[in-house]
Every structure is written in structure tokens, then in C-alpha cells.
$ cat entry-v4.csv   # CSV, C-alpha atoms
chain,number,residue,atom,x,y,z
A,1,MET,CA,143.7,12.7,53.3
A,2,ARG,CA,140.9,13.2,50.8
A,3,GLY,CA,138.7,10.8,52.8
A,4,VAL,CA,139.4,12.7,56.1
A,5,LEU,CA,138.5,16.0,54.5
A,6,ALA,CA,135.3,14.5,53.1
A,7,ALA,CA,134.4,13.2,56.5
A,8,LEU,CA,135.1,16.6,58.1
A,9,ALA,CA,133.0,18.3,55.5
A,10,LEU,CA,130.2,15.9,56.1
A,11,ALA,CA,130.5,16.4,59.9
A,12,CYS,CA,130.3,20.2,59.5
A,13,ALA,CA,127.3,19.9,57.2
A,14,LEU,CA,125.5,17.8,59.7
A,15,ALA,CA,126.4,20.1,62.5
A,16,LEU,CA,124.9,23.1,60.6
A,17,ALA,CA,121.9,21.2,59.5
A,18,ALA,CA,121.0,19.8,63.0
A,19,PRO,CA,122.2,22.2,65.7
A,20,SER,CA,122.0,20.9,69.2
A,21,ALA,CA,118.7,22.3,70.4
A,22,SER,CA,118.0,23.3,73.9
A,23,VAL,CA,114.6,22.8,75.3
A,24,ALA,CA,115.3,25.2,78.2
A,25,ALA,CA,116.4,27.9,75.8
A,26,GLY,CA,113.4,27.2,73.7
A,27,LYS,CA,111.1,27.7,76.7
A,28,ALA,CA,112.6,31.2,77.0
A,29,VAL,CA,112.0,31.9,73.4
A,30,TYR,CA,108.4,30.7,73.8
A,31,GLU,CA,107.8,33.5,76.3
A,32,ARG,CA,107.7,35.8,73.2
A,33,CYS,CA,104.6,33.9,72.0
A,34,LEU,CA,102.6,34.3,75.2
A,35,ALA,CA,100.7,37.4,74.2
A,36,CYS,CA,98.7,35.3,71.8
A,37,HIS,CA,99.4,31.6,72.3
A,38,ALA,CA,99.2,29.0,75.0
A,39,LEU,CA,100.2,25.3,74.9
A,40,ALA,CA,96.9,23.8,76.0
A,41,TYR,CA,94.2,26.2,74.8
A,42,ASP,CA,93.3,28.6,72.0
A,43,ARG,CA,93.8,32.3,72.5
A,44,THR,CA,94.3,35.0,69.9
A,45,GLY,CA,96.4,32.3,68.3
A,46,PRO,CA,95.7,28.6,68.3
A,47,ARG,CA,97.0,26.1,70.9
A,48,HIS,CA,100.3,24.4,70.4
A,49,CYS,CA,99.8,21.1,72.0
A,50,GLY,CA,99.2,18.5,69.2
A,51,LEU,CA,100.9,20.8,66.7
A,52,PHE,CA,103.3,18.3,65.1
A,53,GLY,CA,101.5,16.4,62.4
A,54,ARG,CA,98.5,18.7,62.6
A,55,ARG,CA,97.3,20.3,59.4
A,56,ALA,CA,97.5,24.1,59.6
A,57,GLY,CA,94.2,25.8,60.1
A,58,SER,CA,92.5,22.6,61.3
A,59,ILE,CA,91.5,23.2,64.9
A,60,ALA,CA,87.7,23.1,64.9
A,61,GLY,CA,86.1,26.5,65.8
A,62,PHE,CA,89.3,28.5,65.7
A,63,PRO,CA,89.0,31.6,63.5
A,64,TYR,CA,92.0,31.1,61.3
A,65,SER,CA,92.8,33.4,58.4
A,66,GLU,CA,91.7,32.1,55.0
A,67,ALA,CA,95.4,32.0,54.0
A,68,MET,CA,96.3,29.6,56.8
A,69,ARG,CA,93.3,27.4,56.2
A,70,ARG,CA,94.3,27.1,52.5
A,71,SER,CA,98.1,26.8,53.2
A,72,ARG,CA,98.1,23.0,53.0
A,73,ILE,CA,100.9,23.0,55.5
A,74,VAL,CA,101.3,20.1,57.9
A,75,TRP,CA,103.3,21.1,60.9
A,76,SER,CA,106.7,19.5,61.3
A,77,GLU,CA,110.1,20.6,62.3
A,78,LYS,CA,110.8,21.6,58.7
A,79,THR,CA,107.6,23.5,58.1
A,80,LEU,CA,107.7,25.2,61.5
A,81,ASN,CA,111.3,26.2,60.9
A,82,LEU,CA,110.2,27.8,57.6
A,83,PHE,CA,107.1,29.5,59.0
A,84,LEU,CA,108.7,30.8,62.1
A,85,ALA,CA,111.6,32.4,60.2
A,86,ASP,CA,109.2,34.6,58.3
A,87,PRO,CA,105.5,34.0,58.9
A,88,LEU,CA,104.1,36.5,56.5
A,89,LYS,CA,106.4,35.5,53.7
A,90,THR,CA,105.6,31.8,54.2
A,91,VAL,CA,101.9,32.2,54.5
A,92,PRO,CA,100.9,35.6,53.0
A,93,GLY,CA,97.7,36.7,54.6
A,94,THR,CA,98.3,35.0,57.9
A,95,SER,CA,96.9,36.7,61.0
A,96,MET,CA,100.2,36.2,62.7
A,97,GLY,CA,101.5,39.7,62.2
A,98,TYR,CA,105.0,38.9,63.6
A,99,ALA,CA,108.3,39.4,61.9
A,100,GLY,CA,109.5,36.0,62.9
A,101,VAL,CA,112.3,34.3,64.9
A,102,LYS,CA,115.2,35.2,62.7
A,103,ASP,CA,117.9,33.3,64.5
A,104,GLY,CA,118.2,29.7,63.4
A,105,THR,CA,119.4,28.5,66.8
A,106,GLU,CA,116.5,30.2,68.6
A,107,ARG,CA,114.1,28.6,66.1
A,108,ALA,CA,115.6,25.2,66.7
A,109,ASN,CA,115.4,25.6,70.4
A,110,LEU,CA,111.8,26.8,70.2
A,111,ILE,CA,110.8,23.8,68.0
A,112,ALA,CA,112.6,21.5,70.5
A,113,TYR,CA,110.6,23.0,73.3
A,114,LEU,CA,107.3,22.8,71.4
A,115,LYS,CA,108.0,19.1,70.6
A,116,GLN,CA,108.3,18.1,74.3
A,117,ALA,CA,106.1,20.7,76.0
A,118,CYS,CA,102.9,18.7,75.8
A,119,GLN,CA,104.2,15.3,76.3
B,1,MET,CA,110.2,52.3,93.8
B,2,SER,CA,107.4,52.9,96.3
B,3,PHE,CA,103.9,52.4,95.2
B,4,LEU,CA,103.2,56.1,95.7
B,5,ASN,CA,106.1,56.9,93.3
B,6,ARG,CA,104.9,54.1,91.0
B,7,ARG,CA,101.5,55.6,90.8
B,8,TYR,CA,103.0,59.0,89.9
B,9,PHE,CA,105.1,57.2,87.3
B,10,LEU,CA,102.1,55.4,85.9
B,11,SER,CA,100.1,58.6,85.8
B,12,LYS,CA,102.9,60.2,83.8
B,13,SER,CA,103.1,57.2,81.4
B,14,GLY,CA,99.4,57.4,80.9
B,15,LEU,CA,99.8,61.0,79.8
B,16,LEU,CA,102.4,60.0,77.4
B,17,LEU,CA,100.3,57.2,75.9
B,18,SER,CA,97.4,59.6,75.5
B,19,GLY,CA,99.7,61.9,73.6
B,20,ALA,CA,100.6,59.1,71.3
B,21,ALA,CA,97.0,58.2,70.8
B,22,VAL,CA,96.2,61.8,69.9
B,23,ALA,CA,99.1,61.8,67.5
B,24,LEU,CA,97.7,58.7,65.8
B,25,LEU,CA,94.2,60.1,65.6
B,26,ALA,CA,95.6,63.3,64.2
B,27,GLY,CA,97.2,61.3,61.5
B,28,GLU,CA,93.9,59.7,60.4
B,29,ASP,CA,93.8,61.6,57.2
B,30,ALA,CA,97.3,60.4,56.4
B,31,LEU,CA,96.3,56.9,57.2
B,32,ALA,CA,93.3,57.1,54.9
B,33,ALA,CA,95.4,58.7,52.2
B,34,LYS,CA,98.0,55.9,52.3
B,35,SER,CA,95.5,53.1,51.5
B,36,ASP,CA,97.2,50.6,49.2
B,37,LYS,CA,97.9,46.9,49.0
B,38,SER,CA,99.8,47.0,52.3
B,39,THR,CA,96.7,48.2,54.1
B,40,GLY,CA,95.2,44.8,54.2
B,41,GLU,CA,98.2,43.4,55.9
B,42,ASP,CA,98.3,46.4,58.3
B,43,LEU,CA,94.7,45.7,59.1
B,44,ARG,CA,95.4,42.0,59.9
B,45,ILE,CA,98.2,43.0,62.2
B,46,LEU,CA,96.1,45.6,63.9
B,47,ASN,CA,93.2,43.2,64.4
B,48,THR,CA,95.5,40.6,65.9
B,49,ALA,CA,96.9,43.2,68.3
B,50,LEU,CA,93.3,44.2,69.1
B,51,GLY,CA,92.4,40.6,69.9
B,52,ALA,CA,95.3,40.3,72.3
B,53,GLU,CA,94.5,43.6,73.9
B,54,LEU,CA,90.9,42.5,74.5
B,55,GLU,CA,92.1,39.3,76.1
B,56,ALA,CA,94.5,41.3,78.3
B,57,ILE,CA,91.5,43.4,79.5
B,58,ALA,CA,89.7,40.2,80.4
B,59,ALA,CA,92.7,38.8,82.1
B,60,TYR,CA,93.1,41.9,84.3
B,61,GLN,CA,89.4,41.7,85.1
B,62,LEU,CA,89.9,38.1,86.2
B,63,GLY,CA,92.7,39.2,88.4
B,64,ALA,CA,90.8,42.2,89.8
B,65,GLU,CA,87.8,40.0,90.7
B,66,SER,CA,89.9,37.1,92.0
B,67,GLY,CA,90.0,38.4,95.5
B,68,LEU,CA,93.7,37.6,95.5
B,69,LEU,CA,95.0,41.1,94.9
B,70,GLN,CA,95.4,43.5,97.8
B,71,LYS,CA,95.8,47.2,97.5
B,72,PRO,CA,97.9,48.8,96.2
B,73,VAL,CA,98.5,45.9,93.7
B,74,LEU,CA,94.8,45.8,92.9
B,75,ASP,CA,95.0,49.5,91.9
B,76,LEU,CA,97.9,48.7,89.8
B,77,ALA,CA,96.0,46.0,87.9
B,78,VAL,CA,93.0,48.3,87.4
B,79,THR,CA,95.3,51.0,86.1
B,80,PHE,CA,97.0,48.6,83.6
B,81,GLN,CA,93.6,47.3,82.5
B,82,GLY,CA,92.7,50.9,81.8
B,83,HIS,CA,95.7,51.2,79.5
B,84,HIS,CA,94.8,48.1,77.6
B,85,LYS,CA,91.3,49.5,77.2
B,86,GLU,CA,92.9,52.6,75.7
B,87,HIS,CA,95.0,50.5,73.4
B,88,ALA,CA,92.0,48.5,72.3
B,89,ASP,CA,90.0,51.6,71.7
B,90,ILE,CA,92.6,53.3,69.5
B,91,LEU,CA,93.3,50.1,67.6
B,92,ALA,CA,89.6,49.5,66.9
B,93,ARG,CA,89.1,53.1,65.8
B,94,THR,CA,92.1,52.9,63.5
B,95,ILE,CA,90.9,49.7,62.0
B,96,GLY,CA,87.6,51.4,61.3
B,97,LYS,CA,89.3,54.4,59.8
B,98,LEU,CA,91.2,52.1,57.4
B,99,GLY,CA,88.0,50.5,56.3
B,100,GLY,CA,88.4,47.3,58.2
B,101,LYS,CA,86.2,45.5,60.7
B,102,ALA,CA,87.5,45.4,64.2
B,103,VAL,CA,87.3,42.1,66.0
B,104,SER,CA,85.1,41.9,69.1
B,105,ALA,CA,85.9,40.6,72.5
B,106,LYS,CA,85.2,36.9,72.9
B,107,ALA,CA,82.2,35.9,74.9
B,108,LYS,CA,84.5,33.7,77.0
B,109,TYR,CA,88.3,33.5,77.5
B,110,THR,CA,90.2,30.6,78.8
B,111,PHE,CA,92.7,31.4,81.5
B,112,PRO,CA,94.8,29.1,83.7
B,113,THR,CA,92.7,29.8,86.8
B,114,GLU,CA,93.8,26.5,88.4
B,115,ASN,CA,97.3,28.0,88.7
B,116,LEU,CA,96.2,31.3,90.3
B,117,LYS,CA,96.2,30.7,94.0
B,118,SER,CA,97.9,33.8,95.4
B,119,GLN,CA,98.7,37.5,94.5
B,120,ALA,CA,102.1,36.4,93.3
B,121,ASP,CA,100.5,33.9,90.9
B,122,VAL,CA,98.3,36.6,89.4
B,123,LEU,CA,101.2,39.0,89.1
B,124,ARG,CA,103.4,36.3,87.4
B,125,PHE,CA,100.5,35.5,85.0
B,126,ALA,CA,100.1,39.2,84.2
B,127,ALA,CA,103.8,39.7,83.8
B,128,ALA,CA,104.0,36.8,81.3
B,129,LEU,CA,101.2,38.3,79.2
B,130,GLU,CA,102.8,41.7,79.3
B,131,LYS,CA,106.2,40.4,78.3
B,132,GLY,CA,104.6,38.5,75.5
B,133,ALA,CA,102.8,41.7,74.4
B,134,VAL,CA,106.2,43.5,74.2
B,135,SER,CA,107.5,40.7,72.0
B,136,ALA,CA,104.4,40.7,69.9
B,137,TYR,CA,104.5,44.5,69.2
B,138,LEU,CA,108.3,44.2,68.7
B,139,GLY,CA,107.6,41.6,66.0
B,140,ALA,CA,104.8,43.7,64.5
B,141,VAL,CA,106.4,47.2,64.3
B,142,PRO,CA,108.7,46.4,61.4
B,143,LEU,CA,105.9,44.9,59.4
B,144,PHE,CA,103.6,47.8,59.1
B,145,GLY,CA,103.4,49.3,55.6
B,146,ASN,CA,102.3,52.6,57.1
B,147,ARG,CA,105.0,54.0,59.3
B,148,GLU,CA,102.5,56.0,61.4
B,149,LEU,CA,101.0,52.7,62.5
B,150,ALA,CA,104.5,51.4,63.3
B,151,LYS,CA,105.1,54.5,65.5
B,152,ALA,CA,101.8,54.0,67.3
B,153,ALA,CA,102.5,50.3,67.8
B,154,ALA,CA,105.9,51.2,69.2
B,155,SER,CA,104.2,53.6,71.6
B,156,ILE,CA,102.0,50.8,72.9
B,157,LEU,CA,105.1,48.5,73.1
B,158,GLY,CA,106.7,51.0,75.5
B,159,ASP,CA,103.6,51.0,77.7
B,160,GLU,CA,103.5,47.2,77.8
B,161,ALA,CA,107.2,47.2,78.7
B,162,MET,CA,106.5,49.5,81.6
B,163,HIS,CA,103.7,47.2,82.8
B,164,TRP,CA,106.1,44.2,82.7
B,165,ALA,CA,108.8,46.0,84.6
B,166,VAL,CA,106.4,47.3,87.3
B,167,LEU,CA,104.8,43.8,87.7
B,168,ARG,CA,108.3,42.3,88.1
B,169,ASN,CA,109.1,44.9,90.6
B,170,ALA,CA,106.0,44.1,92.6
B,171,LEU,CA,107.1,40.5,92.6
B,172,GLY,CA,110.4,41.5,94.1
B,173,GLU,CA,112.3,40.6,90.8
B,174,ALA,CA,114.7,42.8,88.9
B,175,PRO,CA,112.3,45.2,87.1
B,176,VAL,CA,114.5,45.4,84.0
B,177,PRO,CA,116.5,42.2,83.7
B,178,SER,CA,118.3,43.0,80.5
B,179,ALA,CA,119.2,45.8,78.2
B,180,PHE,CA,117.3,44.5,75.2
B,181,MET,CA,113.9,42.8,74.5
B,182,SER,CA,113.3,40.2,71.9

$ encode --input "entry-v4.csv" --output "C-alpha cells"
Amino acid sequence: MRGVLAALALACALALAAPSASVAAGKAVYERCLACHALAYDRTGPRHCGLFGRRAGSIAGFPYSEAMRRSRIVWSEKTLNLFLADPLKTVPGTSMGYAGVKDGTERANLIAYLKQACQ
Amino acid sequence: MSFLNRRYFLSKSGLLLSGAAVALLAGEDALAAKSDKSTGEDLRILNTALGAELEAIAAYQLGAESGLLQKPVLDLAVTFQGHHKEHADILARTIGKLGGKAVSAKAKYTFPTENLKSQADVLRFAAALEKGAVSAYLGAVPLFGNRELAKAAASILGDEAMHWAVLRNALGEAPVPSAFMS
């Protein structure tokens, strides 16, 4: 019985840690970004293609904030999830004056979309 | 809504926006008086908004000069561009009043021109920008340290939402597809 409970607890923990992300739902969330961002080219904000594995503030010629250039962030699911939840708290001084995507499922969907959008 | 009525509606909304702009300018002394550590963050938010507004002006210029827009949709695009010019003007002046340096328009903007083949394409492109603008302002409003700035940003948000709805209507889509924006 104790083993079953432990397995259930582990399953619940995994479910919470890795919610099933929807690319389609993430595309809808990405529409919120379209005032400033595009996948393939820089706008008010930098392009998102090539984001994963890229060091924050590293696109040549893009006018990043000093805070972003110095953040030493490398974009991954984990760092994006943190940043998108509260950009100004994660990188104080960022130009991205946006409160964030507060809902964890929406963030997971958005990240899932970003991961496949440029493939 | 007929385009005639829409023009009347837009005319009225323009008056409302002008009223908000006047209110912001009238509060300039209050803005200056509230300078504190949050001002730097407010300035960054304002400058990001200004950058997006300047790009929107360029996008509508692209649409207007594309030869793809027919009257009265062309008039609609020019009217909306005028609103964005008003937004940019008030944002730049506010940034200056707060002691910041307003960003300038880029010498060149990149737009997905290869995807713009018809009037509907241009309208969809503009609608996507306007919807994004609503979300951007929605995400900025709660961040302002100065509540007068939040109020002014919310006023612009309302205008962008009207643009989005009217563009959707021109596309034959439900102008207001949901009760809430995110």
C-alpha cells in the first residue's frame, strides 16, 4: 500500500511538473506577443527563431537593454518559464514592460509553440 | 455596422482619445512631481510602447501604399494610422517630460510583405498587430509606478481594441469574439 501511495505521489508530482503542453494553444498565447515580436525577424523585441540555446541579449545589432545583455541567461524551457512568469522581476531593467504570462499552463503552451514554430 | 456609421464611431473615439491625451498633458506637473526610482521603469515601458507605436505607423503606411486597400477600407487604415501617430506623439512628449529620451522611428522596418497579396491579407496583418497591442498595453498597465501613466496607457489600450474590432468586422469576422482580452 505504501508503495502504491508513493507511486501515486510521484505520478502527481510529474504531472504537475510537466503539464501536457498544447502547441495550438501556445500559438494563441503567442498572439499577445505580436505587438513587439515576430518569429523570424527583429521588431521592437527580438526574433524568436533560434531562441532555445541562445544567450539572452546576443542578437547582433539588436538594441537590448543593458540589463538583458548582462543577464547571463541562456534561453531554455526553464529560463523562459521563469522570465515569462514575471519579466521585470526576473530581469530588472528589461525593456519588456509586460506583466507576464501568469498562468503556468499558458506558459507551458507558449514555450511548446516557440520550440516548434521555427522548425 | 456600415462604414458610414463606423466613420462616425471612429470620429467619436478620436475625440475620446484626444480627451485622454489632454488629461495626460494636464497631469504633466503631477508626473514631474512623482519622479522617483519607479520613473526609470516607467520610462522603459513608455519607450517600448513608443517603439511599437512607431512600427504600427510604418505598418499602416505600408498598407496604405500597397495598392491593395480600396476605399473605404483605405480611409479606415489612414484613420487608424492617425491614432497611432497621436499615441506616439503623446508618449514621446511624456517621456521627454519625465526626463527620458524618446526612441526614434527606425530607418527601416521589416514586414511580411511576401504574405500581403490582398486587402484581406493586409487587414489580417493589421488586426494581428492591433490585437498584440491590446495585450501589450494590458500587460503594461499594472506595471506603471505612476497611476496617471497607467490610466493613459489604458486609454490607448481602449483605442487599440476598437481598431482590432473594426478590422475584424471589415474581414467579416465577429468583431468582439470574447468578453475578455488577455

$ residues_around --input "entry-v4.csv" --residues "Gly57 in chain A" --least-positions-apart "6" --cutoff "9 Å" --atoms "all atoms listed in the file" --output "PyMOL selection string"
chain A and resi 46+63-73

$ interface_residues --input "entry-v4.csv" --of "chain B" --to "chain A" --cutoff "9 Å" --atoms "all atoms listed in the file" --output "PDB file with C-alpha atoms, in the coordinates of the input"
ATOM      1  CA  GLY B  40      95.200  44.800  54.200  1.00  0.00           C
ATOM      2  CA  GLU B  41      98.200  43.400  55.900  1.00  0.00           C
ATOM      3  CA  ASP B  42      98.300  46.400  58.300  1.00  0.00           C
ATOM      4  CA  ARG B  44      95.400  42.000  59.900  1.00  0.00           C
ATOM      5  CA  ILE B  45      98.200  43.000  62.200  1.00  0.00           C
ATOM      6  CA  LEU B  46      96.100  45.600  63.900  1.00  0.00           C
ATOM      7  CA  ASN B  47      93.200  43.200  64.400  1.00  0.00           C
ATOM      8  CA  THR B  48      95.500  40.600  65.900  1.00  0.00           C
ATOM      9  CA  ALA B  49      96.900  43.200  68.300  1.00  0.00           C
ATOM     10  CA  GLY B  51      92.400  40.600  69.900  1.00  0.00           C
ATOM     11  CA  ALA B  52      95.300  40.300  72.300  1.00  0.00           C
ATOM     12  CA  GLU B  53      94.500  43.600  73.900  1.00  0.00           C
ATOM     13  CA  GLU B  55      92.100  39.300  76.100  1.00  0.00           C
ATOM     14  CA  ALA B  56      94.500  41.300  78.300  1.00  0.00           C
ATOM     15  CA  TYR B 109      88.300  33.500  77.500  1.00  0.00           C
ATOM     16  CA  THR B 110      90.200  30.600  78.800  1.00  0.00           C
ATOM     17  CA  PHE B 111      92.700  31.400  81.500  1.00  0.00           C
ATOM     18  CA  ALA B 128     104.000  36.800  81.300  1.00  0.00           C
ATOM     19  CA  LEU B 129     101.200  38.300  79.200  1.00  0.00           C
ATOM     20  CA  GLU B 130     102.800  41.700  79.300  1.00  0.00           C
ATOM     21  CA  LYS B 131     106.200  40.400  78.300  1.00  0.00           C
ATOM     22  CA  GLY B 132     104.600  38.500  75.500  1.00  0.00           C
ATOM     23  CA  ALA B 133     102.800  41.700  74.400  1.00  0.00           C
ATOM     24  CA  VAL B 134     106.200  43.500  74.200  1.00  0.00           C
ATOM     25  CA  SER B 135     107.500  40.700  72.000  1.00  0.00           C
ATOM     26  CA  ALA B 136     104.400  40.700  69.900  1.00  0.00           C
ATOM     27  CA  TYR B 137     104.500  44.500  69.200  1.00  0.00           C
ATOM     28  CA  LEU B 138     108.300  44.200  68.700  1.00  0.00           C
ATOM     29  CA  GLY B 139     107.600  41.600  66.000  1.00  0.00           C
ATOM     30  CA  ALA B 140     104.800  43.700  64.500  1.00  0.00           C
ATOM     31  CA  VAL B 141     106.400  47.200  64.300  1.00  0.00           C
ATOM     32  CA  PRO B 142     108.700  46.400  61.400  1.00  0.00           C
ATOM     33  CA  LEU B 143     105.900  44.900  59.400  1.00  0.00           C
ATOM     34  CA  PHE B 144     103.600  47.800  59.100  1.00  0.00           C
ATOM     35  CA  SER B 182     113.300  40.200  71.900  1.00  0.00           C
TER      36      SER B 182
END

$ closest_residue --input "entry-v4.csv" --among "B:Leu74, B:Ala127, B:Leu54, B:Leu171" --to "Asp89 in chain B" --atoms "all atoms listed in the file"
B:Leu54

$ atom_distance --input "entry-v4.csv" --atom1 "CA of Leu91 in chain B" --atom2 "CA of His163 in chain B"
18.6 Å

$ atom_distance --input "entry-v4.csv" --atom1 "CA of Gln119 in chain B" --atom2 "CA of His84 in chain B"
20.3 Å

$ residues_around --input "entry-v4.csv" --residues "Lys102 in chain A" --least-positions-apart "4" --cutoff "12 Å" --atoms "all atoms listed in the file" --output "list in words"
Val29, Asn81, Leu82, Phe83, Leu84, Ala85, Asp86, Pro87, Tyr98, Glu106, Arg107, Ala108 and Leu110 of chain A; Gly139 and Ser182 of chain B

$ write_last_selection --input "entry-v4.csv" --atoms "C-alpha atoms" --output "PDB file, in the coordinates of the input"
ATOM      1  CA  VAL A  29     112.000  31.900  73.400  1.00  0.00           C
ATOM      2  CA  ASN A  81     111.300  26.200  60.900  1.00  0.00           C
ATOM      3  CA  LEU A  82     110.200  27.800  57.600  1.00  0.00           C
ATOM      4  CA  PHE A  83     107.100  29.500  59.000  1.00  0.00           C
ATOM      5  CA  LEU A  84     108.700  30.800  62.100  1.00  0.00           C
ATOM      6  CA  ALA A  85     111.600  32.400  60.200  1.00  0.00           C
ATOM      7  CA  ASP A  86     109.200  34.600  58.300  1.00  0.00           C
ATOM      8  CA  PRO A  87     105.500  34.000  58.900  1.00  0.00           C
ATOM      9  CA  TYR A  98     105.000  38.900  63.600  1.00  0.00           C
ATOM     10  CA  GLU A 106     116.500  30.200  68.600  1.00  0.00           C
ATOM     11  CA  ARG A 107     114.100  28.600  66.100  1.00  0.00           C
ATOM     12  CA  ALA A 108     115.600  25.200  66.700  1.00  0.00           C
ATOM     13  CA  LEU A 110     111.800  26.800  70.200  1.00  0.00           C
TER      14      LEU A 110
ATOM     15  CA  GLY B 139     107.600  41.600  66.000  1.00  0.00           C
ATOM     16  CA  SER B 182     113.300  40.200  71.900  1.00  0.00           C
TER      17      SER B 182
END

$ atom_distance --input "entry-v4.csv" --atom1 "CA of Ala88 in chain B" --atom2 "CA of Leu50 in chain B"
5.5 Å

$ residues_around --input "entry-v4.csv" --residues "Gly96 in chain B" --least-positions-apart "6" --cutoff "10 Å" --atoms "all atoms listed in the file" --output "PyMOL selection string"
chain B and resi 43+90+102

$ residues_near_point --input "entry-v4.csv" --point "(114.7, 19.9, 74.0)" --cutoff "6 Å" --atoms "only C-alpha atoms" --output "JSON, numbers by chain"
{"A": [21, 22, 23, 112, 113]}

$ closest_residue --input "entry-v4.csv" --among "B:Arg147, B:Arg124, B:Arg168, B:Lys85" --to "Gly63 in chain B" --atoms "all atoms listed in the file"
B:Arg124
